[in-house]
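First up is the structure itself, then whatever we jot down about it.
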Amino acid sequence: MSDSQSFQPVLLEAVGVENGHSLESYRSRGGYAPLEKLLAEKQPPEVVEMVKSSGLRGRGGAGFMTGLKWTFLPKDHPGPIYLCVNADESEPGTFNNRILMEDDPHQILEGTIISAYATRASTAYIYLRYEYPQSWNSLQAAIDEAYAAGYLGQNIKGSGFSLDIYLHRGAAAYICGEETGLIESLEGKRAWPRIKPPFPAIEGAFRKPTVVNNIETMACVAQIARRGVDWFRSIGVPADPNNPRDPGSYGPKLYCLSGHVEKPGCYEAPLGITARELIDRFGGGVWKGRRAKAVIPGGISMGLLSEAELDTPLDFAGPGKAGCLGLGTAAVVVIDETVSIVDFLHNSCRFFAHESCGQCTPCREGTSWSLRMLERIRAGKGRLKDLELLAEIGSTMGMMPGSTICGLADGAAWPIKNAIAKFRDEFEEYIKQSNPTGYMETDPVPALPILSAH
Amino acid sequence: MPTVIVDGQEIEIGADERLNCIEAARRAGVEIPHYCWHPGLSVVASCRMCLIQAGSRNAETGEISMIPKLVPGCQTPVKDGTVIVTDSDLVRDSRARVEEALLIDHPIDCPICDKAGECLLQDYHFEHGQSERRADIHAFTSRRRDVGPTVTLFVDRCIMCTRCVRFTREVSGTAELMVSARGAKEEIDTFPGFPLENKLAGNVVDLCPVGALGDKDFLYQQRVWFLKKSANVCGGCAAGCSIVTEHNQDTVYRLKPRENPHVNKWWICDEGRYGWHHLHDPSRLVEAGKRGADGFEAVEWADVVTRLRDDLKAAGRLAVAVSPHLTVEEAWMLCAVARSIDPEAFLALGYVPTTGDDESFPGGFTIRGEKAPNRVGVETVLGLFGAVADDGSVPGWNELLRQVQTDTIKAAWVTAGYPTPDGSWCDEQTAAAFASLDCLIVQDLFDSPLAARAQWRLPAAGFAERAGTWVNCGHHAQSFEQAIRPPAGVWPEGRLFWNMLGRQGLYDPSGVRQQIAESSAAFAALAGDLPNTGVDLRLQQLAAT
């Protein structure tokens, strides 16, 4: 295992290189040669096997085994099979896909072509978030270059394999990052996540088998093809031998560090770096020499790590052990000691109330109800009972208790759940201070008009 | 047979049946509350009211393993060994929370809501909700906007089950309705310039589990708990949709579809839905009249029974138009009456209005172009009386018009009952064909050029005012009950024919039906008590042979 000290960026190797986004530059770094070799020498099942044995887990948030996902596709399907690349990077604090798309789009395209070859997809859609015009430009330019160079289109490099890639721009909704919401949106419908089963691998876009993978996953596939499975498995955290269900956390990962740090940015490190090391070594420490109060481990929906939990390794298993939802998108947001946790939770609830797609009752009403309560608490009319209600919403809303269709409701619930559990004293103090006469009230109180919700 | 265990109770389901947990539990007498699921629409599993615990029983060891989280009953299919638990604390708490969530933004304006009394939100809250509100108290809001010419939307009452949206996409195929905005700000809406205007639009009001969608025709007309419900059949076209006539004090307030998998599934068209207003039209004929010196003079019904027979006998050869609005029983009795007066009477099918072709919808619903409910039934009755040509065809209205202009026919009895208040079903020119007759009897709902020429003008009953059996264009026979009494002074046709046949007591349609069923193979299927979804005459005949 290479430790994080000696690790050299791989996925981000083009960052800072002049014209690093061009085809010429990408080829000069060894790009597309692995693709040509692979098309000439390997059959699709061998490519699936390669990705499977690398232990690559999806970088989009859930961390599902990428190779395993590909094997769920029906065998000998007459086609078409679709590959959707999820570039609807909407999780607050996350911007690693954007760096990849803007600075090294060919790495993504190579990974996409390899993945399409492995899954026998003849059409790939890149579903791009509306707010990324620069990514649109660089990706579209790269696609045009790739067509011109014969890496896309009919009979790629004489292999008999054909692939078209379409860049699809979303209309700015968080829910489109959910894989079936993305598919619905791609089909031109309202992005309401579908009920599963059937999973997209059986019936996805346009009712055909579909694989949905993240942009960073595609970049990892390109690097596995270039550097090999052994290289990939030499990085990160190996599987826990005592836990047969732990597939390990292999490979490099792009961490998006933001919030109250001296040097926010997108940093590449082996999976398993601790939050503290990430903040101190890459981020230059919490800004202005302050202490961190809490750290979001992987996007706002993953919940909170308290200061005492900062030595949690940021691999796929680590944040879960500290009560968070998971690694998520590895977007680490640092909240320093001056921030009120009430304000943090209010901001989180405002986001999810705004972005709840509104399909399932518990999420639609739960996110809006929690926001109303936090509005009221911040307006000096909080009650201790509100904390009970918030905790109940946090523990009952989501796919895990079974009350919603998609997992984004769990993401809305987790910050509430973590904040109340880990910072309950601060909430109680805030409520008592701001509402000294009414904090014990338990009867329903009049609602406040909400101005900041939408 | 596959066995499903519902709350500990084992029930068997059919080997080929594909049921979800809601349907399977219903077989065991357990109601799983649900809003968004409807058997006629796609499954979205979004309301989360039907969350239950499910698992499976190992066939060999008998060991039960449960799914560790709640699952939607609507989306979870049952198979052999499926275990459903609907009465655990987990399920109860989940239902209470969904109810609580739905009421957070709901105006709770039941006292002024048309749906109160038949509202699922009310019923489920009573059964599954919490007694105290925990959410903040909101200012009352009641925004209303029309989504189409017949349907209005009370925006804040909506619980976003999207049944209406799915209906317009999957059944009517017109897709006028959509969901706009996101999260708790979501609303049902139409696209600008495309109102909810299709021939099945009224069904969205029936589908709405709460008071969000209102039928403007019914809005604020009557509290639903005053309504009595009668199982009827729509007389609007040859499809013969099963309906429920909802009425109070002999006034109809609305028609709703009645589930019938053989005919109309869960739907009816707007033409049928609003096709009851003629029943209460003030211009209806409400007394039996005999032409005198100054127009029609009222005659007591008891006198009509005898004088009608005398007049017809005196006139000579009789021709009878048997209306496709008459029931099988009435048609049979009319033919019997006619033959008892004149054994050689010419019997023909009455006028059958048609408006263009049948119109089918993606959801499998068809509106028939033939705008009469019982052509097939009347034709079959006429066949029993030998009124059938060599090629098997039954003489119709045009043949009758030809016959009455010949010298042989001296009298005609035209039964009609067409729901056209202007009497336009028969124009002046057609009516002139009856000019040379000695005696013309017209029995209709409204005055018409034909009735104006009659010696006897008799009132008819509307569809909700008669009982009997209609046979739709697919040979599916359905018996129905009388919903309301006809206006004072009107005898339903059946009562007149019954009395003219000299039968004693009150007119008994089911007795007549038994008699018909016993005397003819074609109607053999009508014997005994019929299921409320009716029987297929042809299928029964096939089974008999």
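Within each chain, counting starts at residue 1; across the structure tokens, chains are named A, B, ... in the order shown, with ligands numbered 1 upward in that order.
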Could you pull out all residues of range 110-292 of chain B with a DSSP call of strand (DSSP E) and give them as an MDAnalysis selection string?
chainID B and resid 144:146 151:154 177:180 187:190 213:215 228:233 242:248 251:257 289:292
Expected file contents, prior selection, C-alpha atoms, as a PDB file, in the first residue's frame:
ATOM      1  CA  ARG B 144     -59.256  27.050  -6.150  1.00  0.00           C
ATOM      2  CA  ARG B 145     -58.781  27.063  -9.866  1.00  0.00           C
ATOM      3  CA  ASP B 146     -60.526  25.347 -12.717  1.00  0.00           C
ATOM      4  CA  VAL B 151     -63.429  19.961 -13.163  1.00  0.00           C
ATOM      5  CA  THR B 152     -62.166  22.344 -10.542  1.00  0.00           C
ATOM      6  CA  LEU B 153     -59.111  21.978  -8.314  1.00  0.00           C
ATOM      7  CA  PHE B 154     -58.889  22.926  -4.656  1.00  0.00           C
ATOM      8  CA  LEU B 177     -52.599  17.139 -16.069  1.00  0.00           C
ATOM      9  CA  MET B 178     -49.101  17.395 -14.641  1.00  0.00           C
ATOM     10  CA  VAL B 179     -47.253  18.102 -11.457  1.00  0.00           C
ATOM     11  CA  SER B 180     -45.655  21.504 -11.257  1.00  0.00           C
ATOM     12  CA  GLU B 187     -49.267  21.328  -7.303  1.00  0.00           C
ATOM     13  CA  ILE B 188     -51.392  19.585  -9.852  1.00  0.00           C
ATOM     14  CA  ASP B 189     -51.753  21.822 -12.866  1.00  0.00           C
ATOM     15  CA  THR B 190     -52.481  21.911 -16.551  1.00  0.00           C
ATOM     16  CA  LEU B 213     -60.694  17.688  -7.597  1.00  0.00           C
ATOM     17  CA  GLY B 214     -64.306  18.700  -7.672  1.00  0.00           C
ATOM     18  CA  ASP B 215     -66.963  18.101 -10.282  1.00  0.00           C
ATOM     19  CA  LYS B 228     -78.673   6.945  -1.634  1.00  0.00           C
ATOM     20  CA  LYS B 229     -76.887   4.718  -4.083  1.00  0.00           C
ATOM     21  CA  SER B 230     -78.560   2.524  -6.642  1.00  0.00           C
ATOM     22  CA  ALA B 231     -76.783   0.121  -8.945  1.00  0.00           C
ATOM     23  CA  ASN B 232     -77.761   1.157 -12.439  1.00  0.00           C
ATOM     24  CA  VAL B 233     -76.608   0.845 -16.000  1.00  0.00           C
ATOM     25  CA  SER B 242     -72.187  -0.084 -14.867  1.00  0.00           C
ATOM     26  CA  ILE B 243     -72.970   2.992 -12.836  1.00  0.00           C
ATOM     27  CA  VAL B 244     -74.135   4.032  -9.444  1.00  0.00           C
ATOM     28  CA  THR B 245     -76.968   6.522  -9.452  1.00  0.00           C
ATOM     29  CA  GLU B 246     -76.683   8.729  -6.389  1.00  0.00           C
ATOM     30  CA  HIS B 247     -79.947  10.351  -5.481  1.00  0.00           C
ATOM     31  CA  ASN B 248     -81.950  11.841  -2.679  1.00  0.00           C
ATOM     32  CA  THR B 251     -83.683  13.671  -7.398  1.00  0.00           C
ATOM     33  CA  VAL B 252     -80.526  12.421  -9.042  1.00  0.00           C
ATOM     34  CA  TYR B 253     -77.382  14.333  -8.039  1.00  0.00           C
ATOM     35  CA  ARG B 254     -74.644  12.484  -9.797  1.00  0.00           C
ATOM     36  CA  LEU B 255     -73.683   9.307 -11.579  1.00  0.00           C
ATOM     37  CA  LYS B 256     -70.508   7.437 -10.789  1.00  0.00           C
ATOM     38  CA  PRO B 257     -68.900   4.443 -12.423  1.00  0.00           C
ATOM     39  CA  GLY B 289    -103.114  12.239 -22.954  1.00  0.00           C
ATOM     40  CA  LYS B 290    -105.773  11.359 -25.538  1.00  0.00           C
ATOM     41  CA  ARG B 291    -106.299  13.727 -28.408  1.00  0.00           C
ATOM     42  CA  GLY B 292    -109.572  15.616 -28.031  1.00  0.00           C
TER      43      GLY B 292
END
Give me the residues within 6 Å of range 369-385 of chain B as a PyMOL selection string, counting only C-alpha atoms and dropping any in the same chain fewer than 2 places off.
chain B and resi 235-238+240+324-325+328+332+353-358+387-388+470-472
For chain B, which residues have at least one atom within 6 Å of chain A, if we go by only C-alpha atoms? Write them as an MDAnalysis selection string, please.
chainID B and resid 46:47 69:71 101 134 136:138 182:184
Keeping only C-alpha atoms, write those residues as a PDB file, in the first residue's frame.
ATOM      1  CA  SER B  46     -45.373   7.318  -3.579  1.00  0.00           C
ATOM      2  CA  CYS B  47     -48.002   8.004  -0.919  1.00  0.00           C
ATOM      3  CA  LYS B  69     -37.646  -2.531   6.630  1.00  0.00           C
ATOM      4  CA  LEU B  70     -41.120  -1.396   5.687  1.00  0.00           C
ATOM      5  CA  VAL B  71     -42.225  -2.102   2.135  1.00  0.00           C
ATOM      6  CA  ALA B 101     -47.473  14.544   7.173  1.00  0.00           C
ATOM      7  CA  ARG B 134     -47.866  18.097  16.498  1.00  0.00           C
ATOM      8  CA  ASP B 136     -47.366  24.071  13.637  1.00  0.00           C
ATOM      9  CA  ILE B 137     -50.783  25.529  13.040  1.00  0.00           C
ATOM     10  CA  HIS B 138     -51.088  27.113   9.642  1.00  0.00           C
ATOM     11  CA  ARG B 182     -41.226  20.594  -6.312  1.00  0.00           C
ATOM     12  CA  GLY B 183     -41.334  19.353  -2.748  1.00  0.00           C
ATOM     13  CA  ALA B 184     -44.076  20.693  -0.519  1.00  0.00           C
TER      14      ALA B 184
END
Could you name the residues that touch Asp164 in chain A at 7 Å or less, counting only C-alpha atoms, but leaving out those on the same chain fewer than 2 positions away, as number ranges by chain?
A: 122-124, 152-153, 166
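With distances restricted to only C-alpha atoms, A:Thr180 is the closest residue to Asn86 in chain A from A:Ser258, A:Thr180, A:Ser306, A:Ser395.
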Neighbours of range 527-532 of chain B within 10 Å (only C-alpha atoms; same-chain residues fewer than 5 positions away dropped), as a PDB file with N, CA and C atoms, in the first residue's frame?
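The file below, selection06.pdb, is the result:
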ATOM      1  N   ALA B 231     -77.571   0.720  -7.863  1.00  0.00           N
ATOM      2  CA  ALA B 231     -76.783   0.121  -8.945  1.00  0.00           C
ATOM      3  C   ALA B 231     -77.589   0.191 -10.233  1.00  0.00           C
ATOM      4  N   ASN B 232     -77.066   0.969 -11.167  1.00  0.00           N
ATOM      5  CA  ASN B 232     -77.761   1.157 -12.439  1.00  0.00           C
ATOM      6  C   ASN B 232     -76.833   0.843 -13.593  1.00  0.00           C
ATOM      7  N   SER B 242     -71.605   0.049 -16.205  1.00  0.00           N
ATOM      8  CA  SER B 242     -72.187  -0.084 -14.867  1.00  0.00           C
ATOM      9  C   SER B 242     -72.006   1.238 -14.129  1.00  0.00           C
ATOM     10  N   ARG B 258     -69.405   2.216 -11.696  1.00  0.00           N
ATOM     11  CA  ARG B 258     -69.411   1.067 -10.789  1.00  0.00           C
ATOM     12  C   ARG B 258     -68.475   0.049 -11.401  1.00  0.00           C
ATOM     13  N   GLU B 259     -67.562  -0.469 -10.595  1.00  0.00           N
ATOM     14  CA  GLU B 259     -66.528  -1.344 -11.148  1.00  0.00           C
ATOM     15  C   GLU B 259     -67.151  -2.565 -11.803  1.00  0.00           C
ATOM     16  N   ASN B 260     -66.770  -2.781 -13.042  1.00  0.00           N
ATOM     17  CA  ASN B 260     -67.248  -3.959 -13.749  1.00  0.00           C
ATOM     18  C   ASN B 260     -66.177  -4.386 -14.743  1.00  0.00           C
ATOM     19  N   ALA B 477     -75.391  -8.898 -20.564  1.00  0.00           N
ATOM     20  CA  ALA B 477     -76.661  -8.495 -19.953  1.00  0.00           C
ATOM     21  C   ALA B 477     -76.454  -8.089 -18.506  1.00  0.00           C
ATOM     22  N   GLN B 478     -77.034  -6.937 -18.146  1.00  0.00           N
ATOM     23  CA  GLN B 478     -76.952  -6.492 -16.762  1.00  0.00           C
ATOM     24  C   GLN B 478     -78.334  -6.098 -16.270  1.00  0.00           C
ATOM     25  N   SER B 479     -78.700  -6.618 -15.120  1.00  0.00           N
ATOM     26  CA  SER B 479     -79.954  -6.206 -14.499  1.00  0.00           C
ATOM     27  C   SER B 479     -79.682  -5.060 -13.538  1.00  0.00           C
ATOM     28  N   PHE B 480     -80.633  -4.193 -13.421  1.00  0.00           N
ATOM     29  CA  PHE B 480     -80.433  -3.045 -12.539  1.00  0.00           C
ATOM     30  C   PHE B 480     -81.739  -2.719 -11.831  1.00  0.00           C
ATOM     31  N   SER B 510     -88.174  -8.873 -12.062  1.00  0.00           N
ATOM     32  CA  SER B 510     -87.362 -10.081 -11.966  1.00  0.00           C
ATOM     33  C   SER B 510     -88.207 -11.320 -12.242  1.00  0.00           C
ATOM     34  N   GLY B 511     -89.524 -11.248 -11.891  1.00  0.00           N
ATOM     35  CA  GLY B 511     -90.408 -12.354 -12.219  1.00  0.00           C
ATOM     36  C   GLY B 511     -90.531 -12.525 -13.720  1.00  0.00           C
ATOM     37  N   ARG B 513     -88.340 -11.552 -15.853  1.00  0.00           N
ATOM     38  CA  ARG B 513     -87.038 -12.024 -16.350  1.00  0.00           C
ATOM     39  C   ARG B 513     -86.927 -13.544 -16.214  1.00  0.00           C
ATOM     40  N   GLN B 514     -87.392 -14.078 -15.085  1.00  0.00           N
ATOM     41  CA  GLN B 514     -87.339 -15.535 -14.905  1.00  0.00           C
ATOM     42  C   GLN B 514     -88.187 -16.235 -15.962  1.00  0.00           C
ATOM     43  N   GLN B 515     -89.349 -15.626 -16.230  1.00  0.00           N
ATOM     44  CA  GLN B 515     -90.252 -16.229 -17.213  1.00  0.00           C
ATOM     45  C   GLN B 515     -89.596 -16.256 -18.595  1.00  0.00           C
ATOM     46  N   ILE B 516     -88.925 -15.126 -18.945  1.00  0.00           N
ATOM     47  CA  ILE B 516     -88.258 -15.064 -20.240  1.00  0.00           C
ATOM     48  C   ILE B 516     -87.128 -16.088 -20.294  1.00  0.00           C
ATOM     49  N   ALA B 517     -86.357 -16.156 -19.195  1.00  0.00           N
ATOM     50  CA  ALA B 517     -85.213 -17.057 -19.166  1.00  0.00           C
ATOM     51  C   ALA B 517     -85.658 -18.503 -19.320  1.00  0.00           C
ATOM     52  N   GLU B 518     -86.797 -18.833 -18.711  1.00  0.00           N
ATOM     53  CA  GLU B 518     -87.271 -20.221 -18.792  1.00  0.00           C
ATOM     54  C   GLU B 518     -87.803 -20.554 -20.165  1.00  0.00           C
TER      55      GLU B 518
END
Using CA of His106 in chain A and CA of Tyr26 in chain A as the two end points, give the distance in Å to one decimal.
6.6 Å
Would you list the contacts of Ser88 in chain B as a list in words, taking every protein, DNA or RNA residue within 9 Å and counting only C-alpha atoms, but skipping same-chain residues closer than 4 positions in sequence?
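Neighbouring residues, sequence-local ones excluded: Ile52, Gln53, Arg92 and Asp93 of chain B.
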Residues within 10 Å of Phe344 in chain A, please, as a PyMOL selection string. Count only C-alpha atoms; anything in the same chain fewer than 3 positions from it doesn't count.
chain A and resi 300+335+339-341+347-350+415-416+419
Which residues are near Ser53 in chain A? Cut-off 9 Å, only C-alpha atoms, ignore same chain within fewer than 2 positions. Put them as a PyMOL selection string.
chain A and resi 48-51+55-56+67+229+233
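In this model, the gap between CA of Leu278 in chain A and CA of Lys52 in chain A comes to 28.3 Å.
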